[in-house]
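Peer 1: Below is one structure. I have some questions about it.
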Amino acid sequence: MSIYIFSRPVHSGKTTELLQWCNRQKNTMGILMPDMNGSRKILDLHTKNIFDIECTDAANTKEPLTAVGRFHFYTDAFEKANAIVLAALTQKPGWLVIDEAGKLELQGQGFYQAIVNAVDLYHNGQVAGNLLITVRESLCHEVISFFNIKDARVIHLLEDLV
């Protein structure tokens with residue numbers, strides 16, 4: 001069991017590279033948050049299902065939204081993504097991927113619950129395999145401290161994974 005933090009600057013291609021890497025791995029579960037057709041989506045790595053998370057017309061929706069800077073995200077999509085990760089924890093994936101831990105998670109929102117549960121289970125040895133969390137470089141140390149991630153290996157290139 002190992003916990004990896006994949007960290008690079010904002011808009012450096014972390015998610016794109018991670019998607020390509022995940023497609024080459026076996027038994028990979030979790031979530032990615034790629035930009036597709038001009039908005040953020042959630043990709044369930046196990047089922048390959050994709051759903052909207054970014055609301056591009058916040059003024060005309062009645063759905064609950066979570067704002068982060070200039071972005072608006074569907075609150076229900078975060079709940080669904082958390083559920084995907086929590087379900088994956090029971091299936092013993094070789095790699096569990098959470099893309100990403102950021103400002104929302106540091107406020108106890110977004111993927112917070114999935115990260116807390118995953119880190120706890122991996123720390124306590126209750127889950128085999130590896131946990132991989134993406135974090136923008138500017139928040140890396142803050143995320144590690146906030147989630148009390150012990151013995152995490154911070155990587156900047158996916159080729160560094162063993």
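Letters A, B, ... mark the chains of the structure tokens in the order given; residue numbers begin at 1 per chain; ligand numbers begin at 1, in order shown.
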From a DSSP pass on the backbone, collect the residues of segment 11-139 of chain A flagged as strand (DSSP E) and hand them back as an mmCIF file with N, CA and C atoms, in the first residue's frame.
Peer 2:
data_model
loop_
_atom_site.group_PDB
_atom_site.id
_atom_site.type_symbol
_atom_site.label_atom_id
_atom_site.label_comp_id
_atom_site.auth_asym_id
_atom_site.auth_seq_id
_atom_site.Cartn_x
_atom_site.Cartn_y
_atom_site.Cartn_z
ATOM 1 N N THR A 28 -7.864 -0.187 -12.307
ATOM 2 C CA THR A 28 -7.820 1.204 -11.867
ATOM 3 C C THR A 28 -9.240 1.715 -11.716
ATOM 4 N N MET A 29 -9.498 2.320 -10.567
ATOM 5 C CA MET A 29 -10.822 2.874 -10.277
ATOM 6 C C MET A 29 -10.656 4.278 -9.731
ATOM 7 N N GLY A 30 -11.779 4.966 -9.612
ATOM 8 C CA GLY A 30 -11.760 6.315 -9.086
ATOM 9 C C GLY A 30 -12.319 7.287 -10.097
ATOM 10 N N ILE A 31 -11.894 8.542 -9.980
ATOM 11 C CA ILE A 31 -12.471 9.597 -10.796
ATOM 12 C C ILE A 31 -11.399 10.519 -11.364
ATOM 13 N N LEU A 32 -11.657 10.958 -12.578
ATOM 14 C CA LEU A 32 -10.881 12.024 -13.195
ATOM 15 C C LEU A 32 -11.842 13.170 -13.494
ATOM 16 N N ASP A 35 -11.355 18.287 -18.779
ATOM 17 C CA ASP A 35 -12.056 19.295 -19.575
ATOM 18 C C ASP A 35 -12.467 18.622 -20.873
ATOM 19 N N MET A 36 -13.757 18.689 -21.196
ATOM 20 C CA MET A 36 -14.254 18.107 -22.443
ATOM 21 C C MET A 36 -15.272 19.071 -23.030
ATOM 22 N N SER A 39 -15.978 22.289 -20.913
ATOM 23 C CA SER A 39 -16.404 22.280 -19.508
ATOM 24 C C SER A 39 -15.864 21.035 -18.802
ATOM 25 N N ARG A 40 -15.847 21.106 -17.485
ATOM 26 C CA ARG A 40 -15.346 19.992 -16.672
ATOM 27 C C ARG A 40 -16.398 18.900 -16.570
ATOM 28 N N LYS A 41 -15.910 17.686 -16.625
ATOM 29 C CA LYS A 41 -16.739 16.488 -16.498
ATOM 30 C C LYS A 41 -16.139 15.615 -15.405
ATOM 31 N N ILE A 42 -16.894 14.613 -15.000
ATOM 32 C CA ILE A 42 -16.374 13.551 -14.144
ATOM 33 C C ILE A 42 -16.352 12.281 -14.980
ATOM 34 N N LEU A 43 -15.224 11.604 -14.936
ATOM 35 C CA LEU A 43 -15.074 10.319 -15.610
ATOM 36 C C LEU A 43 -14.887 9.256 -14.541
ATOM 37 N N ASP A 44 -15.807 8.305 -14.503
ATOM 38 C CA ASP A 44 -15.692 7.149 -13.616
ATOM 39 C C ASP A 44 -14.737 6.173 -14.312
ATOM 40 N N ILE A 50 -19.341 9.157 -18.070
ATOM 41 C CA ILE A 50 -18.956 10.560 -17.967
ATOM 42 C C ILE A 50 -20.212 11.368 -17.658
ATOM 43 N N PHE A 51 -20.081 12.310 -16.713
ATOM 44 C CA PHE A 51 -21.209 13.196 -16.429
ATOM 45 C C PHE A 51 -20.706 14.598 -16.126
ATOM 46 N N ASP A 52 -21.598 15.559 -16.326
ATOM 47 C CA ASP A 52 -21.261 16.963 -16.108
ATOM 48 C C ASP A 52 -21.041 17.248 -14.636
ATOM 49 N N LEU A 65 -25.628 24.624 -6.667
ATOM 50 C CA LEU A 65 -24.287 24.793 -7.216
ATOM 51 C C LEU A 65 -23.284 25.101 -6.114
ATOM 52 N N THR A 66 -22.047 24.735 -6.371
ATOM 53 C CA THR A 66 -20.920 25.070 -5.508
ATOM 54 C C THR A 66 -20.001 25.958 -6.333
ATOM 55 N N ALA A 67 -19.726 27.149 -5.836
ATOM 56 C CA ALA A 67 -18.886 28.097 -6.571
ATOM 57 C C ALA A 67 -17.436 27.999 -6.112
ATOM 58 N N VAL A 68 -16.537 28.037 -7.097
ATOM 59 C CA VAL A 68 -15.099 28.091 -6.838
ATOM 60 C C VAL A 68 -14.549 29.136 -7.808
ATOM 61 N N PHE A 71 -15.868 29.535 -11.416
ATOM 62 C CA PHE A 71 -16.514 28.295 -11.824
ATOM 63 C C PHE A 71 -17.690 27.958 -10.913
ATOM 64 N N HIS A 72 -18.683 27.296 -11.505
ATOM 65 C CA HIS A 72 -19.839 26.794 -10.752
ATOM 66 C C HIS A 72 -19.965 25.306 -11.055
ATOM 67 N N PHE A 73 -20.067 24.520 -9.991
ATOM 68 C CA PHE A 73 -20.148 23.072 -10.128
ATOM 69 C C PHE A 73 -21.449 22.562 -9.517
ATOM 70 N N TYR A 74 -22.002 21.526 -10.119
ATOM 71 C CA TYR A 74 -23.209 20.905 -9.588
ATOM 72 C C TYR A 74 -22.864 20.181 -8.290
ATOM 73 N N TRP A 95 -5.159 0.455 -8.302
ATOM 74 C CA TRP A 95 -4.940 1.896 -8.181
ATOM 75 C C TRP A 95 -6.285 2.572 -7.961
ATOM 76 N N LEU A 96 -6.348 3.425 -6.947
ATOM 77 C CA LEU A 96 -7.508 4.282 -6.737
ATOM 78 C C LEU A 96 -7.050 5.706 -7.020
ATOM 79 N N VAL A 97 -7.713 6.361 -7.967
ATOM 80 C CA VAL A 97 -7.319 7.689 -8.415
ATOM 81 C C VAL A 97 -8.384 8.706 -8.016
ATOM 82 N N ILE A 98 -7.930 9.820 -7.445
ATOM 83 C CA ILE A 98 -8.826 10.944 -7.118
ATOM 84 C C ILE A 98 -8.208 12.192 -7.737
ATOM 85 N N ASP A 99 -8.900 12.740 -8.708
ATOM 86 C CA ASP A 99 -8.442 13.920 -9.441
ATOM 87 C C ASP A 99 -9.432 15.063 -9.196
ATOM 88 N N GLU A 100 -9.258 15.944 -8.331
ATOM 89 C CA GLU A 100 -8.065 16.277 -7.610
ATOM 90 C C GLU A 100 -8.429 16.823 -6.232
ATOM 91 N N ALA A 101 -7.441 16.993 -5.394
ATOM 92 C CA ALA A 101 -7.614 17.673 -4.104
ATOM 93 C C ALA A 101 -7.195 19.124 -4.305
ATOM 94 N N ASN A 130 -2.746 0.922 -4.360
ATOM 95 C CA ASN A 130 -2.177 2.257 -4.241
ATOM 96 C C ASN A 130 -3.235 3.332 -4.428
ATOM 97 N N LEU A 131 -3.022 4.434 -3.733
ATOM 98 C CA LEU A 131 -3.884 5.610 -3.835
ATOM 99 C C LEU A 131 -3.088 6.697 -4.537
ATOM 100 N N LEU A 132 -3.687 7.314 -5.551
ATOM 101 C CA LEU A 132 -3.055 8.396 -6.295
ATOM 102 C C LEU A 132 -3.992 9.599 -6.295
ATOM 103 N N ILE A 133 -3.517 10.706 -5.739
ATOM 104 C CA ILE A 133 -4.303 11.935 -5.666
ATOM 105 C C ILE A 133 -3.562 13.018 -6.437
ATOM 106 N N THR A 134 -4.248 13.715 -7.329
ATOM 107 C CA THR A 134 -3.614 14.836 -8.007
ATOM 108 C C THR A 134 -3.840 16.108 -7.187
ATOM 109 N N VAL A 135 -2.802 16.938 -7.175
ATOM 110 C CA VAL A 135 -2.832 18.190 -6.418
ATOM 111 C C VAL A 135 -2.014 19.215 -7.197
ATOM 112 N N ARG A 136 -2.580 20.409 -7.364
ATOM 113 C CA ARG A 136 -1.782 21.450 -8.016
ATOM 114 C C ARG A 136 -0.589 21.788 -7.134
#
Peer 1: Find the distance between atom CA of Asp160 of chain A and atom CA of Asn124 of chain A and write it in Å to one decimal.
Peer 2: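 We find that atom CA of Asp160 of chain A and atom CA of Asn124 of chain A lie 24.3 Å from each other.
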Peer 1: Could you name the residues that touch segment 9-13 of chain A at 12 Å or less, counting only C-alpha atoms, but leaving out those on the same chain fewer than 5 positions away, as a JSON list (two decimals) with C-alpha atoms, in the first residue's frame?
Peer 2:
[["chain", "number", "residue", "atom", "x", "y", "z"],
["A", 18, "LEU", "CA", -3.28, 10.73, -15.98],
["A", 19, "LEU", "CA", -6.11, 9.59, -18.27],
["A", 20, "GLN", "CA", -3.59, 8.12, -20.71],
["A", 33, "MET", "CA", -12.10, 15.55, -13.84],
["A", 34, "PRO", "CA", -11.16, 16.27, -17.48],
["A", 35, "ASP", "CA", -12.06, 19.30, -19.58],
["A", 100, "GLU", "CA", -8.07, 16.28, -7.61],
["A", 102, "GLY", "CA", -7.81, 21.46, -4.22],
["A", 134, "THR", "CA", -3.61, 14.84, -8.01],
["A", 135, "VAL", "CA", -2.83, 18.19, -6.42],
["A", 136, "ARG", "CA", -1.78, 21.45, -8.02],
["A", 137, "GLU", "CA", 1.78, 22.31, -7.10],
["A", 138, "SER", "CA", 0.85, 25.47, -5.17],
["A", 139, "LEU", "CA", -1.37, 23.47, -2.77],
["A", 140, "CYS", "CA", 0.69, 20.29, -2.44],
["A", 156, "HIS", "CA", 5.83, 15.09, -10.84],
["A", 157, "LEU", "CA", 6.01, 12.49, -13.60],
["A", 158, "LEU", "CA", 3.83, 9.41, -13.87]]
Peer 1: What is the atom CA of Tyr4 of chain A to atom CA of Val154 of chain A distance in Å?
Peer 2: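 Going from atom CA of Tyr4 of chain A over to atom CA of Val154 of chain A, I get 5.8 Å.
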Peer 1: Excluding segment 109-111 of chain A and any residue of its chain fewer than 5 positions from it, enumerate the residues within 6 Å of it, using only C-alpha atoms, and give them as number ranges by chain.
Peer 2: A: 78, 82, 104
Peer 1: Would you mind reading off the distance between atom CA of His46 of chain A and atom CA of Lys103 of chain A, one decimal, in Å?
Peer 2: 25.8 Å
Peer 1: Compare A:Ile3, A:Val143, A:Ala58, A:Leu86 by their minimum atom-to-atom distance to Leu161 of chain A, counting only C-alpha atoms, and give me the closest one.
Peer 2: A:Ile3
